[in-house]
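Undergrad: Sharing upload_30.cif here; it has mmCIF, C-alpha atoms and all ligand atoms.
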data_final
loop_
_atom_site.label_atom_id
_atom_site.label_comp_id
_atom_site.auth_asym_id
_atom_site.auth_seq_id
_atom_site.Cartn_x
_atom_site.Cartn_y
_atom_site.Cartn_z
CA MET A 1 1.44 186.71 68.61
CA LYS A 2 -1.29 187.80 71.01
CA THR A 3 0.30 185.80 73.79
CA VAL A 4 3.64 187.50 73.23
CA LYS A 5 2.00 190.96 73.35
CA LEU A 6 0.14 190.10 76.55
CA PHE A 7 3.33 188.81 78.11
CA ALA A 8 5.18 192.00 77.14
CA LEU A 9 2.33 194.12 78.57
CA SER A 10 2.32 192.22 81.85
CA MET A 11 6.09 192.68 82.10
CA LEU A 12 5.66 196.43 81.63
CA VAL A 13 3.04 196.52 84.37
CA PHE A 14 5.36 194.52 86.61
CA ILE A 15 8.28 196.86 85.94
CA GLY A 16 5.98 199.83 86.57
CA LEU A 17 4.88 198.47 89.93
CA ALA A 18 8.42 197.64 90.88
CA SER A 19 9.65 201.15 90.13
CA CYS A 20 6.81 202.71 92.14
CA SER A 21 7.91 200.83 95.23
CA SER A 22 11.52 201.97 94.87
CA ASP A 23 12.88 205.04 96.67
CA ASP A 24 13.78 207.04 93.58
CA ASP A 25 10.31 207.52 92.10
CA ASN A 26 8.68 210.90 91.55
CA THR A 27 6.79 211.05 94.87
CA PRO A 28 7.94 214.17 96.82
CA THR A 29 9.98 213.25 99.85
CA PRO A 30 8.08 214.17 103.02
CA VAL A 31 9.86 216.89 104.97
CA VAL A 32 9.57 215.91 108.60
CA ALA A 33 12.14 217.11 111.09
CA ASN A 34 12.51 218.06 114.74
CA TYR A 35 14.54 220.95 116.05
CA SER A 36 15.32 222.42 119.44
CA GLY A 37 17.12 225.35 120.95
CA THR A 38 18.17 226.49 124.39
CA LEU A 39 17.15 230.05 125.21
CA ASN A 40 19.83 231.98 127.06
CA GLN A 41 19.43 235.42 128.56
CA LEU A 42 20.35 238.63 126.81
CA ASN A 43 20.73 241.99 128.52
CA ASN A 44 20.97 240.36 131.97
CA SER A 45 17.24 239.69 131.78
CA GLY A 46 17.43 236.52 133.86
CA ALA A 47 15.26 234.81 131.24
CA SER A 48 15.90 231.29 130.02
CA GLY A 49 13.99 228.54 128.31
CA MET A 50 13.60 226.02 125.54
CA VAL A 51 12.25 225.99 122.02
CA ASN A 52 11.02 222.98 120.10
CA ILE A 53 10.07 223.03 116.44
CA ILE A 54 8.46 220.22 114.47
CA VAL A 55 8.27 220.59 110.71
CA ASP A 56 5.83 218.27 108.95
CA ASN A 57 5.78 219.33 105.31
CA ASN A 58 4.03 222.73 105.28
CA LYS A 59 3.00 222.54 108.95
CA MET A 60 5.41 223.91 111.52
CA THR A 61 4.66 223.64 115.23
CA VAL A 62 6.67 225.93 117.48
CA SER A 63 6.72 225.49 121.26
CA VAL A 64 8.37 228.02 123.56
CA THR A 65 8.77 227.67 127.31
CA ALA A 66 10.55 230.39 129.22
CA THR A 67 11.01 231.58 132.77
CA GLY A 68 12.32 234.84 134.17
CA MET A 69 10.28 236.96 131.77
CA VAL A 70 8.69 240.25 132.89
CA PRO A 71 5.41 239.11 134.48
CA ASN A 72 2.02 240.05 133.09
CA GLN A 73 3.46 241.55 129.91
CA PRO A 74 3.20 240.51 126.26
CA HIS A 75 6.50 239.24 124.87
CA PRO A 76 7.20 239.60 121.15
CA GLN A 77 9.06 236.57 119.79
CA HIS A 78 10.43 235.81 116.35
CA ILE A 79 12.43 233.43 114.25
CA HIS A 80 15.34 235.58 113.11
CA GLY A 81 17.75 234.88 110.28
CA LYS A 82 20.17 236.35 107.80
CA ASP A 83 19.03 237.26 104.31
CA ASP A 84 21.87 235.31 102.70
CA GLY A 85 20.91 232.18 104.66
CA SER A 86 24.25 232.03 106.49
CA ASN A 87 24.36 230.96 110.12
CA ALA A 88 22.68 233.35 112.55
CA THR A 89 23.95 233.43 116.11
CA CYS A 90 23.05 234.97 119.45
CA PRO A 91 24.79 238.29 120.08
CA PRO A 92 27.65 238.53 122.59
CA THR A 93 27.82 241.34 125.16
CA SER A 94 30.10 243.24 122.79
CA ALA A 95 27.15 243.66 120.41
CA ASP A 96 26.18 246.69 122.56
CA THR A 97 28.16 248.98 120.30
CA ASP A 98 26.92 252.26 121.81
CA GLY A 99 27.83 251.01 125.28
CA ASP A 100 24.55 251.97 126.94
CA GLY A 101 24.25 248.54 128.54
CA ILE A 102 21.43 247.36 126.28
CA ILE A 103 21.75 245.29 123.12
CA THR A 104 18.91 246.70 121.03
CA ILE A 105 17.23 244.94 118.09
CA PRO A 106 19.47 246.68 115.51
CA GLU A 107 22.61 246.12 117.58
CA GLY A 108 21.84 242.40 117.68
CA ALA A 109 20.88 242.21 113.99
CA PRO A 110 24.43 241.60 112.67
CA PHE A 111 24.32 238.35 114.69
CA TYR A 112 20.73 237.07 114.57
CA GLY A 113 19.59 238.84 111.41
CA ALA A 114 16.17 240.20 110.60
CA VAL A 115 12.74 238.94 111.63
CA LEU A 116 11.76 236.03 109.39
CA LEU A 117 8.63 234.94 111.18
CA PRO A 118 6.81 236.64 114.08
CA LEU A 119 5.65 233.88 116.42
CA GLU A 120 2.22 235.35 116.96
CA ASP A 121 0.04 235.67 118.85
CA PHE A 122 2.73 236.96 121.19
CA PRO A 123 2.43 235.27 124.57
CA MET A 124 1.68 237.01 127.84
CA ALA A 125 3.94 236.00 130.70
CA ASP A 126 2.04 234.86 133.76
CA ALA A 127 2.34 236.49 137.20
CA ASN A 128 5.50 234.44 137.85
CA GLY A 129 7.19 235.40 134.58
CA ASN A 130 6.56 232.09 132.84
CA VAL A 131 5.77 231.80 129.16
CA ASN A 132 4.19 228.72 127.63
CA TYR A 133 3.45 228.93 123.94
CA THR A 134 2.58 226.45 121.23
CA LYS A 135 1.32 227.21 117.75
CA THR A 136 1.14 225.42 114.44
CA PHE A 137 1.84 227.59 111.40
CA THR A 138 0.87 226.66 107.85
CA LEU A 139 3.90 227.65 105.81
CA GLY A 140 3.16 229.50 102.60
CA GLU A 141 -0.38 230.49 103.63
CA ASN A 142 -1.99 233.60 105.15
CA GLY A 143 1.17 235.68 104.93
CA VAL A 144 3.36 233.03 106.56
CA LEU A 145 6.58 232.51 104.62
CA THR A 146 7.24 229.28 102.74
CA LEU A 147 9.46 226.47 103.99
CA GLU A 148 11.86 227.41 101.19
CA ALA A 149 12.01 231.04 102.39
CA LEU A 150 12.47 229.90 105.97
CA GLY A 151 15.56 228.09 104.71
CA THR A 152 17.82 225.94 106.80
CA LEU A 153 16.37 226.15 110.31
CA GLU A 154 19.72 225.22 111.85
CA ASN A 155 20.93 228.60 110.59
CA ARG A 156 18.11 230.50 112.32
CA THR A 157 17.65 231.80 115.84
CA ILE A 158 14.72 232.42 118.15
CA VAL A 159 14.63 235.75 119.97
CA LEU A 160 12.26 236.71 122.79
CA HIS A 161 11.75 240.37 123.66
CA GLY A 162 10.41 242.58 126.44
CA LEU A 163 12.28 244.07 129.42
CA ASN A 164 11.77 246.69 132.07
CA ASN A 165 14.20 249.51 131.41
CA GLY A 166 14.34 252.91 133.07
CA GLY A 167 11.12 252.25 134.94
CA SER A 168 9.02 251.30 131.94
CA TYR A 169 8.34 248.17 129.95
CA VAL A 170 10.10 248.16 126.56
CA ALA A 171 8.63 245.34 124.47
CA THR A 172 11.35 245.47 121.82
CA ILE A 173 14.45 244.81 123.94
CA PRO A 174 15.82 241.28 123.35
CA VAL A 175 15.76 239.22 126.55
CA ALA A 176 16.53 235.67 125.39
CA CYS A 177 18.04 234.04 122.34
CA GLY A 178 18.43 230.48 121.14
CA GLU A 179 20.28 228.95 118.23
CA ILE A 180 18.30 226.20 116.53
CA THR A 181 19.73 222.72 116.11
CA LYS A 182 18.30 219.65 114.41
CA ILE A 183 17.58 216.66 116.64
CU CU B 1 12.77 239.30 117.42
#
Re-express the file's structure as structure tokens.
TA:
Amino acid sequence: MKTVKLFALSMLVFIGLASCSSDDDNTPTPVVANYSGTLNQLNNSGASGMVNIIVDNNKMTVSVTATGMVPNQPHPQHIHGKDDGSNATCPPTSADTDGDGIITIPEGAPFYGAVLLPLEDFPMADANGNVNYTKTFTLGENGVLTLEALGTLENRTIVLHGLNNGGSYVATIPVACGEITKI
């Protein structure tokens, strides 16, 4: 009798171990993914660049390299997206609905949506107009939105801002935009 019980117990342990090593156990699946985006100019800024994003569970590292930015000025930059999670895009020239030659933040919003995450601290372009930025955000902490709220990154865009207009620097004007793709 004892031998039978021990055998049954050892079988249970064996089954338990076997199920732990299978893929459909209760361990959360690690969320690790790489994304990139090509930054193209808006508003004839002459700016261009690349964005790389690495998501490793609740850590998200964003790298931005750009050229053709207004030198020696701080450049606001954000991940933009639509509230309903649908695909955000970079605005075409026709987004300038008032025809003043500048696509403003609100004129571009129907395409790239609202600001989801400011990529602070905003970088300062060097004397040649280059921006090099890398930062790791902890999602869901210190006011940074959660991975769930960030949603499907492929549906988000990156927008860089800051252009000389009418003889003065306007930090809000969009100067480059990139649609994010998974790699
Ligand atoms: Cu923005």
Undergrad: Using only C-alpha atoms and all ligand atoms, find each protein or nucleic acid residue lying at most 12 Å from ligand CU 1 (chain B); present the set as a PDB file with C-alpha atoms, in the frame of the given file.
TA:
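Contents of the output file selection.pdb:
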ATOM      1  CA  HIS A  75       6.500 239.240 124.870  1.00  0.00           C
ATOM      2  CA  PRO A  76       7.200 239.600 121.150  1.00  0.00           C
ATOM      3  CA  GLN A  77       9.060 236.570 119.790  1.00  0.00           C
ATOM      4  CA  HIS A  78      10.430 235.810 116.350  1.00  0.00           C
ATOM      5  CA  ILE A  79      12.430 233.430 114.250  1.00  0.00           C
ATOM      6  CA  HIS A  80      15.340 235.580 113.110  1.00  0.00           C
ATOM      7  CA  GLY A  81      17.750 234.880 110.280  1.00  0.00           C
ATOM      8  CA  CYS A  90      23.050 234.970 119.450  1.00  0.00           C
ATOM      9  CA  THR A 104      18.910 246.700 121.030  1.00  0.00           C
ATOM     10  CA  ILE A 105      17.230 244.940 118.090  1.00  0.00           C
ATOM     11  CA  PRO A 106      19.470 246.680 115.510  1.00  0.00           C
ATOM     12  CA  GLU A 107      22.610 246.120 117.580  1.00  0.00           C
ATOM     13  CA  GLY A 108      21.840 242.400 117.680  1.00  0.00           C
ATOM     14  CA  ALA A 109      20.880 242.210 113.990  1.00  0.00           C
ATOM     15  CA  PHE A 111      24.320 238.350 114.690  1.00  0.00           C
ATOM     16  CA  TYR A 112      20.730 237.070 114.570  1.00  0.00           C
ATOM     17  CA  GLY A 113      19.590 238.840 111.410  1.00  0.00           C
ATOM     18  CA  ALA A 114      16.170 240.200 110.600  1.00  0.00           C
ATOM     19  CA  VAL A 115      12.740 238.940 111.630  1.00  0.00           C
ATOM     20  CA  LEU A 116      11.760 236.030 109.390  1.00  0.00           C
ATOM     21  CA  LEU A 117       8.630 234.940 111.180  1.00  0.00           C
ATOM     22  CA  PRO A 118       6.810 236.640 114.080  1.00  0.00           C
ATOM     23  CA  LEU A 119       5.650 233.880 116.420  1.00  0.00           C
ATOM     24  CA  GLU A 120       2.220 235.350 116.960  1.00  0.00           C
ATOM     25  CA  PHE A 122       2.730 236.960 121.190  1.00  0.00           C
ATOM     26  CA  ARG A 156      18.110 230.500 112.320  1.00  0.00           C
ATOM     27  CA  THR A 157      17.650 231.800 115.840  1.00  0.00           C
ATOM     28  CA  ILE A 158      14.720 232.420 118.150  1.00  0.00           C
ATOM     29  CA  VAL A 159      14.630 235.750 119.970  1.00  0.00           C
ATOM     30  CA  LEU A 160      12.260 236.710 122.790  1.00  0.00           C
ATOM     31  CA  HIS A 161      11.750 240.370 123.660  1.00  0.00           C
ATOM     32  CA  GLY A 162      10.410 242.580 126.440  1.00  0.00           C
ATOM     33  CA  ALA A 171       8.630 245.340 124.470  1.00  0.00           C
ATOM     34  CA  THR A 172      11.350 245.470 121.820  1.00  0.00           C
ATOM     35  CA  ILE A 173      14.450 244.810 123.940  1.00  0.00           C
ATOM     36  CA  PRO A 174      15.820 241.280 123.350  1.00  0.00           C
ATOM     37  CA  VAL A 175      15.760 239.220 126.550  1.00  0.00           C
ATOM     38  CA  ALA A 176      16.530 235.670 125.390  1.00  0.00           C
ATOM     39  CA  CYS A 177      18.040 234.040 122.340  1.00  0.00           C
ATOM     40  CA  GLY A 178      18.430 230.480 121.140  1.00  0.00           C
TER      41      GLY A 178
END
Undergrad: Do you have the atom CA of Ile53 of chain A-atom CA of Asn155 of chain A distance handy?
TA: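 These two atoms are separated by 13.5 Å.
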Undergrad: Can you tell me how far atom CA of Val70 of chain A sits from atom CA of Asp121 of chain A, in Å to one decimal?
TA: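 Straight-line distance from atom CA of Val70 of chain A to atom CA of Asp121 of chain A works out to 17.1 Å.
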Undergrad: For atom CA of Tyr169 of chain A and atom CA of Gln73 of chain A, determine how far apart the two atoms are, in Å to one decimal place.
TA: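 Interatomic distance here is 8.2 Å.
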Undergrad: May I ask which of the residues A:Ala149, A:Leu39, A:Ile102, A:Val32 is the closest one to Thr89 of chain A, counting all atoms listed in the file?
TA: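 Among A:Ala149, A:Leu39, A:Ile102, A:Val32, it is A:Leu39 that comes nearest to Thr89 of chain A.
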Undergrad: Skipping near chain neighbours, those fewer than 3 positions away, what residues fall within 8 Å of Thr61 of chain A using all atoms listed in the file, listed as a ChimeraX atom specification?
TA: /A:53-55,134-137
Undergrad: Taking all atoms of segment 103-114 of chain A that the file lists and extending 3 Å past them on each side, where is the centre of the axis-aligned box and how long are its edges? Answer in Å to one decimal, as AutoDock Vina command-line options.
TA:
--center_x 20.3 --center_y 241.9 --center_z 116.9 --size_x 14.3 --size_y 15.6 --size_z 18.5
Undergrad: So that I can check the surroundings of Ala125 of chain A, please list as number ranges by chain every protein, DNA and RNA residue that reaches within 8 Å of it, counting all atoms listed in the file and ignoring chain neighbours fewer than 4 positions away.
TA: A: 69-75, 129-132
Undergrad: Selected residues, C-alpha atoms, written as a PDB file, keeping the file's coordinate frame, please.
TA:
ATOM      1  CA  MET A  69      10.280 236.960 131.770  1.00  0.00           C
ATOM      2  CA  VAL A  70       8.690 240.250 132.890  1.00  0.00           C
ATOM      3  CA  PRO A  71       5.410 239.110 134.480  1.00  0.00           C
ATOM      4  CA  ASN A  72       2.020 240.050 133.090  1.00  0.00           C
ATOM      5  CA  GLN A  73       3.460 241.550 129.910  1.00  0.00           C
ATOM      6  CA  PRO A  74       3.200 240.510 126.260  1.00  0.00           C
ATOM      7  CA  HIS A  75       6.500 239.240 124.870  1.00  0.00           C
ATOM      8  CA  GLY A 129       7.190 235.400 134.580  1.00  0.00           C
ATOM      9  CA  ASN A 130       6.560 232.090 132.840  1.00  0.00           C
ATOM     10  CA  VAL A 131       5.770 231.800 129.160  1.00  0.00           C
ATOM     11  CA  ASN A 132       4.190 228.720 127.630  1.00  0.00           C
TER      12      ASN A 132
END
Undergrad: What would the list of residues within 8 Å of (6.9, 227.2, 125.2) (file frame) look like as a PDB file with C-alpha atoms, in the frame of the given file, if only C-alpha atoms are what count?
TA:
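Resulting contents of out-v3.pdb:
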ATOM      1  CA  GLY A  49      13.990 228.540 128.310  1.00  0.00           C
ATOM      2  CA  MET A  50      13.600 226.020 125.540  1.00  0.00           C
ATOM      3  CA  VAL A  51      12.250 225.990 122.020  1.00  0.00           C
ATOM      4  CA  ASN A  52      11.020 222.980 120.100  1.00  0.00           C
ATOM      5  CA  VAL A  62       6.670 225.930 117.480  1.00  0.00           C
ATOM      6  CA  SER A  63       6.720 225.490 121.260  1.00  0.00           C
ATOM      7  CA  VAL A  64       8.370 228.020 123.560  1.00  0.00           C
ATOM      8  CA  THR A  65       8.770 227.670 127.310  1.00  0.00           C
ATOM      9  CA  ALA A  66      10.550 230.390 129.220  1.00  0.00           C
ATOM     10  CA  VAL A 131       5.770 231.800 129.160  1.00  0.00           C
ATOM     11  CA  ASN A 132       4.190 228.720 127.630  1.00  0.00           C
ATOM     12  CA  TYR A 133       3.450 228.930 123.940  1.00  0.00           C
ATOM     13  CA  THR A 134       2.580 226.450 121.230  1.00  0.00           C
TER      14      THR A 134
END
Undergrad: Name the residues in contact with Gly166 of chain A at a cut-off of 12 Å, using all atoms listed in the file, excluding same-chain residues fewer than 2 positions from it; report them as JSON, numbers by chain.
TA: {"A": [100, 101, 102, 163, 164, 168, 169, 170]}
